[in-house]
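Undergrad: Attaching a single structure in structure tokens format; questions to follow.
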Amino acid sequence: MSQQVIENQRENAEVYTDPMMCKQKSLELLKEINMPNGLLPLEDIVEVGRNPETGFVWLKQKKAKEHKFKKIGKLVWYDTEVTAIVENRRMTKLTGVKSKEILIWVTISDISISDPEFKKITFATPAGLSRSFPVGAFEEEEEEEKK
């Protein structure tokens, strides 16, 4: 995703650059769209922006980050910029997120929870391949890590 796309979305967007506020806003966003709070485990977030008219959001962090979701044994990479179009239980046109599948990194372009009753979250690639996991695997793991 180019910097130009973010610049085009800045008009009418809410933009936050205070690190504490950025972390809070990223969590509020996930809650608002009914996604698990550990889905974007970004660190050192320096900017969060959201254009309510288009649903476009962006999160910038100081450096790219790898995160292992222990409950499913999946390694995910988050670029310095993560962008998406958000709506209830869905993130589309996602950029800046890749998942390690066997030996290769696969781009994730779409995340959705189609039926909250089944408590499954689906990750899709630009090629249309997808995998589903329990939503609980993406809940924040901080409590467990402190023990």
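Note on naming: chains are A, B, ... as they come in the structure tokens, residues start from 1 per chain, ligands start from 1 in the order shown.
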Quick one: which segment 81-128 of chain A residues come within 12 Å of segment 5-28 of chain A, and what is the nearest atom pair for each with the distance in Å to one decimal, counting only C-alpha atoms, rows ordered by chain and ascending number, as JSON lines?
TA:
{"residue": "A:Glu81", "atom": "CA", "partner": "A:Ile6", "partner_atom": "CA", "distance": 9.9}
{"residue": "A:Val82", "atom": "CA", "partner": "A:Ile6", "partner_atom": "CA", "distance": 10.5}
{"residue": "A:Thr83", "atom": "CA", "partner": "A:Ile6", "partner_atom": "CA", "distance": 8.5}
{"residue": "A:Ala84", "atom": "CA", "partner": "A:Ile6", "partner_atom": "CA", "distance": 10.5}
{"residue": "A:Ile85", "atom": "CA", "partner": "A:Gln9", "partner_atom": "CA", "distance": 11.2}
{"residue": "A:Thr95", "atom": "CA", "partner": "A:Val5", "partner_atom": "CA", "distance": 11.6}
Undergrad: To test your reading of the structure, identify every residue in segment 63-147 of chain A that backbone DSSP assigns to helix (DSSP H, G or I), and report it as a ChimeraX atom specification.
TA: /A:116-118,135-138,142-146
Undergrad: With N, CA and C atoms retained, export the selected residues as a compact mmCIF listing (two decimals), in the first residue's frame.
TA:
# COMPACT_ATOMS: atom_id res chain seq x y z
N PRO A 116 -20.87 -15.61 13.79
CA PRO A 116 -20.31 -15.52 15.14
C PRO A 116 -20.67 -16.72 16.02
N GLU A 117 -21.77 -17.41 15.71
CA GLU A 117 -22.19 -18.56 16.50
C GLU A 117 -21.16 -19.70 16.45
N PHE A 118 -20.52 -19.86 15.30
CA PHE A 118 -19.54 -20.94 15.15
C PHE A 118 -18.17 -20.55 15.71
N VAL A 135 -11.91 -18.32 16.87
CA VAL A 135 -11.74 -16.90 17.21
C VAL A 135 -10.89 -16.75 18.47
N GLY A 136 -11.06 -17.66 19.41
CA GLY A 136 -10.34 -17.60 20.68
C GLY A 136 -8.82 -17.62 20.55
N ALA A 137 -8.32 -18.14 19.43
CA ALA A 137 -6.87 -18.19 19.22
C ALA A 137 -6.29 -16.79 19.02
N PHE A 138 -7.16 -15.80 18.78
CA PHE A 138 -6.69 -14.44 18.52
C PHE A 138 -7.10 -13.46 19.61
N GLU A 142 -1.98 -11.54 26.76
CA GLU A 142 -1.16 -10.91 27.78
C GLU A 142 -1.24 -11.58 29.14
N GLU A 143 -2.45 -11.95 29.55
CA GLU A 143 -2.63 -12.55 30.87
C GLU A 143 -1.81 -13.82 31.01
N GLU A 144 -1.80 -14.66 29.96
CA GLU A 144 -1.05 -15.90 30.01
C GLU A 144 0.45 -15.64 30.03
N GLU A 145 0.90 -14.63 29.30
CA GLU A 145 2.34 -14.34 29.22
C GLU A 145 2.89 -13.83 30.54
N LYS A 146 2.06 -13.19 31.36
CA LYS A 146 2.52 -12.62 32.63
C LYS A 146 2.81 -13.71 33.66
Undergrad: Tell me, in Å to one decimal, how far atom CA of Gly38 of chain A is from atom CA of Gln4 of chain A.
TA: 28.2 Å
Undergrad: Identify which of the residues A:Leu129, A:Ile72, A:Leu30, A:Leu39 lies closest to Val97 of chain A, counting only C-alpha atoms when measuring atom-to-atom distances.
TA: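 Counting only C-alpha atoms, the residue closest to Val97 of chain A is A:Leu39.
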Undergrad: Please return, as a ChimeraX atom specification, all residues of chain A that DSSP assigns to strand (DSSP E) on the basis of the backbone.
TA: /A:14-16,45-51,56-61,65-69,74-87,90-101,104-107,110-112,120-124,130-134
Undergrad: So that I can check the surroundings of segment 64-71 of chain A, please list as a list in words every protein, DNA and RNA residue that reaches within 9 Å of it, counting only C-alpha atoms and ignoring chain neighbours fewer than 3 positions away.
TA: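 Residues near the query, excluding close chain neighbours: Pro41, Leu42, Glu43, Gln61, Lys74, Leu75, Val76, Trp77, Tyr78, Asp79, Thr80, Glu81, Gly136, Ala137, Phe138 and Glu141 of chain A.
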Undergrad: Hey, what's within 10 Å of Asn34 of chain A if we count only C-alpha atoms and toss same-chain stuff fewer than 4 positions away? As a VMD selection string, please?
TA: chain A and resid 28 to 30 87 to 90 112 to 113 116
